[in-house]
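J.: This is my_file21.csv (CSV, C-alpha atoms and all ligand atoms).
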```csv
chain,number,residue,atom,x,y,z
A,1,MET,CA,0.0,0.0,0.0
A,2,SER,CA,1.4,3.3,-1.0
A,3,ASP,CA,-0.7,5.4,1.4
A,4,LYS,CA,0.6,5.0,5.0
A,5,ASN,CA,-2.8,6.0,6.3
A,6,ALA,CA,-4.7,3.4,4.4
A,7,LEU,CA,-4.5,0.7,7.1
A,8,PRO,CA,-5.6,3.0,10.0
A,9,HIS,CA,-8.5,4.1,7.9
A,10,ALA,CA,-9.3,0.4,7.1
A,11,ALA,CA,-9.1,-0.4,10.8
A,12,ALA,CA,-11.5,2.4,11.7
A,13,ALA,CA,-14.0,1.1,9.1
A,14,LEU,CA,-13.6,-2.5,10.3
A,15,ARG,CA,-14.2,-1.3,13.9
A,16,THR,CA,-17.4,0.4,12.9
A,17,ALA,CA,-18.7,-2.7,11.1
A,18,LEU,CA,-17.5,-5.5,13.3
A,19,LEU,CA,-17.0,-4.5,16.9
A,20,GLY,CA,-19.5,-6.1,19.2
A,21,HIS,CA,-20.8,-8.5,16.6
A,22,ALA,CA,-20.6,-12.3,16.6
A,23,THR,CA,-18.4,-14.0,14.0
A,24,GLU,CA,-20.6,-16.2,11.8
A,25,ALA,CA,-17.8,-17.4,9.5
A,26,PHE,CA,-14.0,-17.2,9.7
A,27,PHE,CA,-11.5,-18.3,7.1
A,28,ALA,CA,-7.8,-17.6,6.9
A,29,GLN,CA,-5.4,-19.1,4.2
A,30,ARG,CA,-2.3,-20.6,5.9
A,31,LEU,CA,-3.5,-19.7,9.4
A,32,MET,CA,-0.9,-20.3,12.1
A,33,GLY,CA,-2.7,-21.1,15.3
A,34,PRO,CA,-6.3,-21.8,16.5
A,35,ALA,CA,-9.3,-20.2,14.8
A,36,PRO,CA,-11.7,-18.2,16.9
A,37,THR,CA,-14.8,-20.2,17.9
A,38,GLN,CA,-17.9,-19.7,15.9
A,39,GLY,CA,-20.0,-17.0,17.5
A,40,ALA,CA,-17.0,-15.3,19.1
A,41,VAL,CA,-17.6,-11.6,19.3
A,42,VAL,CA,-15.1,-9.1,17.8
A,43,GLU,CA,-14.0,-7.1,20.8
A,44,ASN,CA,-11.1,-4.9,19.6
A,45,ILE,CA,-9.3,-4.0,16.4
A,46,LEU,CA,-5.8,-2.6,16.8
A,47,CYS,CA,-3.5,-1.2,14.2
A,48,TYR,CA,0.3,-1.0,14.3
A,49,GLY,CA,2.1,0.1,11.0
A,50,GLN,CA,1.2,-2.7,8.5
A,51,HIS,CA,-0.1,-5.0,11.2
A,52,LEU,CA,-3.6,-5.4,12.3
A,53,GLU,CA,-4.7,-7.3,15.4
A,54,ILE,CA,-8.3,-8.5,15.9
A,55,VAL,CA,-9.3,-9.5,19.4
A,56,PHE,CA,-12.1,-12.0,19.8
A,57,ASP,CA,-14.0,-12.4,23.1
A,58,ASP,CA,-13.1,-16.1,23.4
A,59,GLY,CA,-9.5,-14.9,24.1
A,60,ILE,CA,-8.2,-15.5,20.5
A,61,VAL,CA,-6.2,-12.7,19.0
A,62,MET,CA,-5.5,-12.7,15.3
A,63,HIS,CA,-2.4,-10.9,14.0
A,64,ALA,CA,-2.3,-10.1,10.3
A,65,GLN,CA,0.5,-8.5,8.4
A,66,LEU,CA,-0.1,-7.0,4.9
A,67,ARG,CA,2.1,-7.2,1.9
A,68,ARG,CA,3.1,-3.9,0.3
A,69,LYS,CA,0.0,-4.0,-2.0
A,70,GLY,CA,-2.3,-5.8,0.5
A,71,SER,CA,-5.6,-4.3,1.6
A,72,TRP,CA,-8.7,-4.9,3.7
A,73,HIS,CA,-12.1,-4.6,2.0
A,74,LEU,CA,-15.5,-4.4,3.7
A,75,TYR,CA,-18.6,-5.7,2.0
A,76,ARG,CA,-22.2,-6.1,3.0
A,77,VAL,CA,-23.2,-9.8,3.2
A,78,GLY,CA,-24.2,-10.8,-0.3
A,79,GLU,CA,-22.5,-7.8,-2.0
A,80,LYS,CA,-20.2,-8.5,-5.0
A,81,TRP,CA,-16.5,-8.5,-4.1
A,82,HIS,CA,-14.0,-6.4,-6.1
A,83,LYS,CA,-11.5,-9.2,-6.3
A,84,ARG,CA,-11.9,-12.9,-6.9
A,85,ARG,CA,-12.9,-14.9,-3.8
A,86,SER,CA,-10.1,-17.4,-4.4
A,87,ARG,CA,-7.6,-14.6,-3.8
A,88,ALA,CA,-8.9,-13.7,-0.3
A,89,ASP,CA,-6.4,-14.5,2.5
A,90,ILE,CA,-8.7,-13.7,5.5
A,91,VAL,CA,-12.5,-13.6,5.7
A,92,ILE,CA,-14.4,-12.6,8.8
A,93,GLU,CA,-18.2,-12.6,8.4
A,94,THR,CA,-20.7,-11.2,10.9
A,95,GLY,CA,-24.5,-11.1,10.4
A,96,GLU,CA,-24.3,-7.9,8.3
A,97,TRP,CA,-20.7,-7.4,7.1
A,98,VAL,CA,-17.8,-9.4,5.5
A,99,ALA,CA,-14.3,-8.2,6.1
A,100,VAL,CA,-11.8,-9.5,3.5
A,101,CYS,CA,-8.1,-9.2,3.5
A,102,PHE,CA,-6.3,-9.5,0.1
A,103,GLY,CA,-2.5,-9.7,0.1
A,104,ALA,CA,-1.8,-10.7,3.7
A,105,SER,CA,1.7,-12.0,4.1
A,106,SER,CA,0.8,-13.8,7.3
A,107,ALA,CA,-2.1,-14.6,9.6
A,108,GLU,CA,-1.3,-15.9,13.0
A,109,THR,CA,-3.5,-16.4,16.1
A,110,TYR,CA,-2.6,-16.8,19.7
A,111,ARG,CA,-4.6,-17.0,23.0
A,112,GLN,CA,-4.4,-14.1,25.4
A,113,LEU,CA,-3.2,-15.8,28.5
A,114,ASP,CA,-2.4,-14.5,31.9
A,115,GLN,CA,-1.3,-16.6,34.8
A,116,HIS,CA,-4.8,-16.6,36.2
A,117,ARG,CA,-6.3,-18.0,33.1
A,118,HIS,CA,-3.5,-20.4,32.3
A,119,PRO,CA,-4.7,-24.0,32.9
A,120,ARG,CA,-1.4,-24.8,34.5
A,121,ALA,CA,-2.0,-22.2,37.2
A,122,GLY,CA,-4.6,-24.4,38.9
A,123,ARG,CA,-7.3,-26.9,38.4
A,124,SER,CA,-10.0,-25.5,36.1
A,125,GLY,CA,-13.5,-24.9,37.5
A,126,PRO,CA,-16.9,-26.4,36.4
A,127,ASP,CA,-18.1,-25.8,32.9
A,128,ILE,CA,-21.3,-23.8,33.6
A,129,GLY,CA,-22.7,-24.5,30.2
A,130,ARG,CA,-23.3,-28.1,31.3
A,131,THR,CA,-26.6,-28.8,33.0
A,132,ASP,CA,-24.8,-31.1,35.5
A,133,ALA,CA,-22.2,-28.4,36.5
A,134,ASP,CA,-21.7,-28.1,40.2
A,135,LEU,CA,-22.7,-24.4,40.7
A,136,GLN,CA,-22.1,-24.6,44.5
A,137,GLU,CA,-18.5,-25.5,43.7
A,138,CYS,CA,-18.2,-22.3,41.6
A,139,VAL,CA,-19.6,-20.2,44.5
A,140,SER,CA,-17.2,-21.8,46.8
A,141,ARG,CA,-14.2,-21.2,44.5
A,142,MET,CA,-15.2,-17.5,44.2
A,143,MET,CA,-15.7,-17.1,48.0
A,144,HIS,CA,-12.3,-18.6,48.6
A,145,TYR,CA,-10.5,-16.8,45.8
A,146,ASP,CA,-6.7,-16.7,46.3
A,147,ASN,CA,-6.3,-13.0,45.6
A,148,PRO,CA,-8.3,-10.9,48.2
A,149,ASP,CA,-7.8,-7.8,46.1
A,150,ALA,CA,-9.3,-9.3,42.9
A,151,THR,CA,-12.4,-7.7,41.5
A,152,ILE,CA,-15.5,-9.6,40.5
A,153,SER,CA,-14.6,-8.7,36.8
A,154,GLU,CA,-11.3,-10.6,37.1
A,155,ALA,CA,-12.8,-13.6,38.9
A,156,LEU,CA,-15.6,-14.0,36.4
A,157,LEU,CA,-13.1,-14.7,33.6
A,158,ASP,CA,-10.9,-16.9,35.7
A,159,GLN,CA,-11.1,-20.4,34.4
A,160,ARG,CA,-10.2,-21.8,37.8
A,161,VAL,CA,-13.5,-20.4,39.2
A,162,MET,CA,-15.7,-21.6,36.3
A,163,ARG,CA,-15.5,-22.1,32.6
A,164,GLY,CA,-17.8,-20.7,29.9
A,165,VAL,CA,-17.9,-17.0,30.7
A,166,GLY,CA,-16.4,-14.8,27.9
A,167,ASN,CA,-16.2,-11.1,28.1
A,168,VAL,CA,-19.7,-10.4,26.6
A,169,PHE,CA,-21.3,-12.6,29.3
A,170,ARG,CA,-19.1,-11.0,32.0
A,171,CYS,CA,-20.5,-7.6,31.3
A,172,GLU,CA,-24.1,-8.8,30.9
A,173,ILE,CA,-24.0,-10.9,34.1
A,174,LEU,CA,-22.8,-8.0,36.2
A,175,TRP,CA,-25.5,-5.7,34.8
A,176,ALA,CA,-28.2,-8.3,35.4
A,177,CYS,CA,-27.1,-8.6,39.0
A,178,GLY,CA,-26.6,-4.8,39.5
A,179,VAL,CA,-23.0,-5.4,40.6
A,180,HIS,CA,-20.2,-2.8,39.9
A,181,PRO,CA,-17.4,-4.3,37.8
A,182,TRP,CA,-14.7,-3.1,40.2
A,183,ALA,CA,-16.4,-4.6,43.3
A,184,ARG,CA,-13.9,-6.6,45.3
A,185,ILE,CA,-15.0,-10.2,45.7
A,186,THR,CA,-14.3,-10.0,49.4
A,187,GLU,CA,-16.7,-7.0,49.7
A,188,LEU,CA,-19.6,-8.9,48.1
A,189,PRO,CA,-22.0,-10.9,50.3
A,190,GLN,CA,-22.5,-14.6,49.6
A,191,SER,CA,-26.0,-13.9,48.3
A,192,SER,CA,-24.5,-11.7,45.6
A,193,ILE,CA,-21.9,-14.3,44.6
A,194,LEU,CA,-24.7,-16.9,44.4
A,195,ASP,CA,-26.8,-14.6,42.2
A,196,ILE,CA,-23.8,-14.0,39.9
A,197,VAL,CA,-23.1,-17.7,39.5
A,198,LEU,CA,-26.8,-18.6,38.8
A,199,THR,CA,-27.2,-15.7,36.4
A,200,ALA,CA,-23.9,-16.8,34.6
A,201,ALA,CA,-25.2,-20.4,34.2
A,202,SER,CA,-28.6,-19.3,32.9
A,203,GLN,CA,-27.2,-16.8,30.4
A,204,VAL,CA,-24.5,-19.2,29.1
A,205,ARG,CA,-27.0,-22.1,28.8
A,206,ALA,CA,-29.7,-20.0,27.1
A,207,ASN,CA,-27.1,-19.1,24.4
A,208,LEU,CA,-25.5,-22.4,23.6
A,209,GLU,CA,-27.2,-23.0,20.3
A,210,SER,CA,-27.0,-19.6,18.6
A,211,PRO,CA,-24.0,-17.5,17.6
A,212,ALA,CA,-25.9,-14.2,18.3
A,213,ARG,CA,-26.0,-13.8,22.1
A,214,VAL,CA,-29.2,-12.5,23.7
A,215,THR,CA,-29.2,-11.8,27.4
A,216,ALA,CA,-31.6,-8.8,27.4
A,217,PRO,CA,-34.4,-9.5,24.8
A,218,HIS,CA,-36.1,-6.2,25.6
A,219,VAL,CA,-33.1,-4.2,24.3
A,220,ALA,CA,-32.4,-3.8,20.5
A,221,GLY,CA,-29.5,-6.0,19.7
A,222,GLY,CA,-30.3,-8.3,22.7
A,223,LEU,CA,-27.5,-7.1,25.0
A,224,ALA,CA,-28.0,-4.7,28.0
A,225,VAL,CA,-24.6,-3.1,28.1
A,226,TYR,CA,-22.0,-4.8,25.9
A,227,ALA,CA,-20.8,-2.5,23.1
A,228,ARG,CA,-23.6,0.0,24.2
A,229,ASN,CA,-21.4,2.7,25.7
A,230,GLY,CA,-22.9,6.1,25.2
A,231,HIS,CA,-26.4,4.6,25.1
A,232,LYS,CA,-29.0,4.8,27.8
A,233,CYS,CA,-29.4,2.0,30.3
A,234,SER,CA,-32.7,0.2,29.8
A,235,ARG,CA,-33.2,-0.1,33.5
A,236,CYS,CA,-32.3,3.3,35.0
A,237,GLY,CA,-31.7,5.6,32.0
A,238,ASP,CA,-28.2,6.4,32.9
A,239,ILE,CA,-25.5,6.4,30.2
A,240,ILE,CA,-23.5,3.2,29.7
A,241,ALA,CA,-19.8,3.5,30.3
A,242,LEU,CA,-16.7,1.8,28.9
A,243,ALA,CA,-13.3,1.1,30.6
A,244,ASN,CA,-10.6,-1.4,30.2
A,245,SER,CA,-9.9,-4.2,32.7
A,246,GLY,CA,-6.9,-6.2,33.7
A,247,GLU,CA,-3.6,-6.9,32.1
A,248,GLU,CA,-5.4,-7.9,28.9
A,249,LYS,CA,-7.1,-4.5,28.7
A,250,ARG,CA,-10.4,-6.1,27.7
A,251,PRO,CA,-13.3,-3.7,27.5
A,252,VAL,CA,-15.8,-3.6,30.3
A,253,TYR,CA,-19.2,-2.0,29.7
A,254,TRP,CA,-21.4,-1.1,32.7
A,255,CYS,CA,-24.0,1.3,34.0
A,256,SER,CA,-22.8,3.5,36.8
A,257,GLY,CA,-26.5,4.4,37.6
A,258,CYS,CA,-27.7,1.0,38.6
A,259,GLN,CA,-24.7,-1.3,39.0
A,260,ILE,CA,-23.8,-0.1,42.5
A,261,ALA,CA,-23.4,-3.2,44.6
A,262,GLY,CA,-19.9,-3.3,45.9
A,263,GLU,CA,-19.0,0.0,44.1
A,264,PRO,CA,-15.6,1.0,45.6
A,265,PHE,CA,-16.1,4.7,46.0
A,266,ARG,CA,-19.5,4.5,47.7
A,267,GLU,CA,-18.0,2.7,50.6
A,268,LEU,CA,-15.0,4.9,51.1
A,269,ASP,CA,-14.1,5.7,54.7
A,270,GLN,CA,-14.7,9.5,55.0
A,271,SER,CA,-11.7,9.8,57.4
A,272,ASP,CA,-9.5,8.9,54.4
A,273,PRO,CA,-7.9,12.2,53.2
A,274,VAL,CA,-8.3,11.2,49.5
A,275,ALA,CA,-12.0,10.4,50.1
A,276,ARG,CA,-12.6,13.8,51.7
A,277,LEU,CA,-11.0,15.6,48.8
A,278,MET,CA,-13.3,13.9,46.3
A,279,ASP,CA,-16.0,15.9,44.6
A,280,PRO,CA,-19.3,14.1,45.5
A,281,HIS,CA,-20.8,14.9,42.1
A,282,PRO,CA,-21.5,11.6,40.3
A,283,ALA,CA,-19.6,12.7,37.1
A,284,ALA,CA,-16.6,13.4,39.3
A,285,VAL,CA,-16.8,10.0,40.9
A,286,LEU,CA,-17.0,8.4,37.5
A,287,PHE,CA,-14.0,10.4,36.4
A,288,MET,CA,-12.0,9.5,39.5
A,289,SER,CA,-12.9,5.9,39.1
A,290,ASP,CA,-11.7,6.0,35.4
A,291,PHE,CA,-8.5,7.8,36.6
A,292,PHE,CA,-7.6,5.1,39.1
A,293,ARG,CA,-8.5,2.4,36.7
A,294,ASN,CA,-6.4,3.9,33.9
A,295,ARG,CA,-3.4,4.1,36.1
A,296,GLU,CA,-3.7,0.3,36.6
A,297,ALA,CA,-4.5,-0.5,33.0
A,298,PRO,CA,-3.6,2.1,30.3
A,299,ALA,CA,-6.3,2.6,27.7
A,300,GLY,CA,-5.9,0.1,24.9
A,301,LEU,CA,-8.8,0.9,22.7
A,401,ZN,ZN,-28.6,1.5,34.7
```
Go through the file and emit its structure as structure tokens.

T.:
Amino acid sequence: MSDKNALPHAAAALRTALLGHATEAFFAQRLMGPAPTQGAVVENILCYGQHLEIVFDDGIVMHAQLRRKGSWHLYRVGEKWHKRRSRADIVIETGEWVAVCFGASSAETYRQLDQHRHPRAGRSGPDIGRTDADLQECVSRMMHYDNPDATISEALLDQRVMRGVGNVFRCEILWACGVHPWARITELPQSSILDIVLTAASQVRANLESPARVTAPHVAGGLAVYARNGHKCSRCGDIIALANSGEEKRPVYWCSGCQIAGEPFRELDQSDPVARLMDPHPAAVLFMSDFFRNREAPAGL
């Protein structure tokens, strides 16, 4: 590609079309590594020079490098392509759009792993998609989590607690239970943990058959908060927020108006000098919360 801005522009177009949508078909010529699972949601698209990274919510990241004359095209499903299909190196199809890469020099995938999610770091928890999964065991693993500083957001994706919760479900479960994503597990009562595990099992099981996830049928698109940042919450009318979580910088969507259980700043000790300095206005609290969060995990979107 002669224009050095071509790939960032393509990445922006791909983001608009694909982010938050489930993958209905995936193909990559000479793919090195595992393919994303069918139905995996496109969660992030990053661009570095001639390299593009597509992050799927099942933990698969695809890294594609373009040849000098390579390019990404975006078509509506059913629209005629400008080049022959046999020349496509990568094809990612969602319900509405098809992203096609012609002239990729490589397509590699890897799994985003951190030590918590790595199977060798501990015995993995029950698969909550199975009807015979021991949910009490999941509750117990969460109650006795080995890191007392961990947030509920981290624990929900930890395969040692339970298996089957990807990032879309994580956000949707916390909204359904009214729990703040940065609530520390140790601050949540057992009834809340039980509610979270039961909601997780019912959401995951209700979506086993279909690639398009629906956890909030009353909301257009079927999801309450995921990829709905800037929109109004269907429960309280507040605006849905977006932040990044953990070392993997995965996006977390939540409503600060009604997901207040375990919210860190509501329970601050007023004798704490930092707490006394804080502006009590809700927008200031949100800003401060983002500020602290960003210090832990620099924005990756
Ligand atoms: Zn709300």

J.: Between A:Ala6, A:Val41, A:Ile196, A:Cys177, single out the one closest to ligand ZN 401 (chain A), counting only C-alpha atoms and all ligand atoms.

T.: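 Comparing A:Ala6, A:Val41, A:Ile196, A:Cys177 against ligand ZN 401 (chain A), the winner is A:Cys177.
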
J.: With only C-alpha atoms and all ligand atoms counted and 8 Å as the cut-off, give the residues of chain A in contact with ligand ZN 401 (chain A), each with its shortest interatomic distance in Å and the pair that gives it, as a tab-separated table.

T.:
```
residue	atom	partner	partner_atom	distance
A:Trp175	CA	A:ZN401	ZN	7.8
A:Lys232	CA	A:ZN401	ZN	7.7
A:Cys233	CA	A:ZN401	ZN	4.5
A:Ser234	CA	A:ZN401	ZN	6.5
A:Arg235	CA	A:ZN401	ZN	5.0
A:Cys236	CA	A:ZN401	ZN	4.1
A:Gly237	CA	A:ZN401	ZN	5.8
A:Asp238	CA	A:ZN401	ZN	5.2
A:Ile239	CA	A:ZN401	ZN	7.3
A:Ile240	CA	A:ZN401	ZN	7.3
A:Trp254	CA	A:ZN401	ZN	7.9
A:Cys255	CA	A:ZN401	ZN	4.7
A:Ser256	CA	A:ZN401	ZN	6.5
A:Gly257	CA	A:ZN401	ZN	4.6
A:Cys258	CA	A:ZN401	ZN	4.0
A:Gln259	CA	A:ZN401	ZN	6.4
```

J.: Restricting it to C-alpha atoms, dump the selection as a PDB file, in the frame of the given file.

T.:
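What landed in out_19.pdb:
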```pdb
ATOM      1  CA  TRP A 175     -25.500  -5.700  34.800  1.00  0.00           C
ATOM      2  CA  LYS A 232     -29.000   4.800  27.800  1.00  0.00           C
ATOM      3  CA  CYS A 233     -29.400   2.000  30.300  1.00  0.00           C
ATOM      4  CA  SER A 234     -32.700   0.200  29.800  1.00  0.00           C
ATOM      5  CA  ARG A 235     -33.200  -0.100  33.500  1.00  0.00           C
ATOM      6  CA  CYS A 236     -32.300   3.300  35.000  1.00  0.00           C
ATOM      7  CA  GLY A 237     -31.700   5.600  32.000  1.00  0.00           C
ATOM      8  CA  ASP A 238     -28.200   6.400  32.900  1.00  0.00           C
ATOM      9  CA  ILE A 239     -25.500   6.400  30.200  1.00  0.00           C
ATOM     10  CA  ILE A 240     -23.500   3.200  29.700  1.00  0.00           C
ATOM     11  CA  TRP A 254     -21.400  -1.100  32.700  1.00  0.00           C
ATOM     12  CA  CYS A 255     -24.000   1.300  34.000  1.00  0.00           C
ATOM     13  CA  SER A 256     -22.800   3.500  36.800  1.00  0.00           C
ATOM     14  CA  GLY A 257     -26.500   4.400  37.600  1.00  0.00           C
ATOM     15  CA  CYS A 258     -27.700   1.000  38.600  1.00  0.00           C
ATOM     16  CA  GLN A 259     -24.700  -1.300  39.000  1.00  0.00           C
TER      17      GLN A 259
END
```

J.: Give the answer as one residue: which of A:Pro126, A:Pro34, A:Pro181, A:Gly70 has the shortest atom-to-atom distance to Pro251 in chain A, using all atoms listed in the file?

T.: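 Under the stated criterion, the closest residue is A:Pro181.
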
J.: For range 138-149 of chain A, find every residue with an atom within 10 Å (counting all atoms listed in the file), except residues of its own chain fewer than 3 positions away, and show them as a ChimeraX atom specification.

T.: /A:125-128,133-135,152,155-156,158,160-163,183-198

J.: Using CA of Leu66 in chain A and CA of Ile90 in chain A as the two end points, give the distance in Å to one decimal.

T.: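 If I compute the distance from CA of Leu66 in chain A to CA of Ile90 in chain A, I get 10.9 Å.
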
J.: Find the residues around Gly59 in chain A up to 10 Å (all atoms listed in the file counted), leave out those fewer than 3 positions away in its own chain, and share them as a compact mmCIF listing (two decimals) with C-alpha atoms, in the coordinates of the input.

T.:
```txt
# COMPACT_ATOMS: atom_id res chain seq x y z
CA PRO A 36 -11.70 -18.20 16.90
CA THR A 37 -14.80 -20.20 17.90
CA ALA A 40 -17.00 -15.30 19.10
CA VAL A 41 -17.60 -11.60 19.30
CA GLU A 43 -14.00 -7.10 20.80
CA VAL A 55 -9.30 -9.50 19.40
CA PHE A 56 -12.10 -12.00 19.80
CA MET A 62 -5.50 -12.70 15.30
CA TYR A 110 -2.60 -16.80 19.70
CA ARG A 111 -4.60 -17.00 23.00
CA GLN A 112 -4.40 -14.10 25.40
CA LEU A 113 -3.20 -15.80 28.50
CA GLY A 166 -16.40 -14.80 27.90
CA ASN A 167 -16.20 -11.10 28.10
CA GLU A 248 -5.40 -7.90 28.90
CA ARG A 250 -10.40 -6.10 27.70
```

J.: Do a neighbour search on Arg30 in chain A at 9 Å with only C-alpha atoms, toss out local chain neighbours closer than 4 positions, and write the hits as a VMD selection string.

T.: chain A and resid 89 106 to 108

J.: Figure out the distance between CA of Leu242 in chain A and CA of Arg213 in chain A, please, to one decimal in Å.

T.: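 Separating CA of Arg213 in chain A from CA of Leu242 in chain A is a distance of 19.4 Å.
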
J.: Could you list, as a list of chain:residue names, every residue within 10 Å of Val100 in chain A, counting only C-alpha atoms and ignoring same-chain residues fewer than 2 positions away?

T.: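 Surrounding residues, per the criterion: A:Leu14, A:Phe27, A:Ala28, A:Ser71, A:Trp72, A:His73, A:Leu74, A:Tyr75, A:Trp81, A:Lys83, A:Arg85, A:Arg87, A:Ala88, A:Asp89, A:Ile90, A:Val91, A:Ile92, A:Glu93, A:Trp97, A:Val98, A:Phe102, A:Gly103.
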
J.: Interatomic distance between CA of Glu172 in chain A and CA of Thr199 in chain A?

T.: 9.4 Å

J.: With distances taken over all atoms listed in the file, which of A:Ser105, A:Gln65, A:Thr23, A:Gln38 is nearest to Leu208 in chain A?

T.: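 Smallest separation from Leu208 in chain A among the options: A:Gln38.
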
J.: I want to know what sits within 8 Å of Val204 in chain A, based on all atoms listed in the file, with residues of the same chain fewer than 5 positions away left out; could you give that as a ChimeraX atom specification?

T.: /A:128-129,164-165,169

J.: Restricting the calculation to all atoms listed in the file, which member of A:Asn207, A:Thr16, A:Thr151, A:Asn5 is positioned closest to Arg130 in chain A?

T.: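 When distances to Arg130 in chain A are compared using all atoms listed in the file, the smallest one comes from A:Asn207.
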
J.: Which residue gives the smallest distance to Leu18 in chain A among A:Val42, A:Ala176, A:Ala206, A:Val252, with only C-alpha atoms counted?

T.: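 Going through A:Val42, A:Ala176, A:Ala206, A:Val252 one by one, the smallest distance to Leu18 in chain A is for A:Val42.
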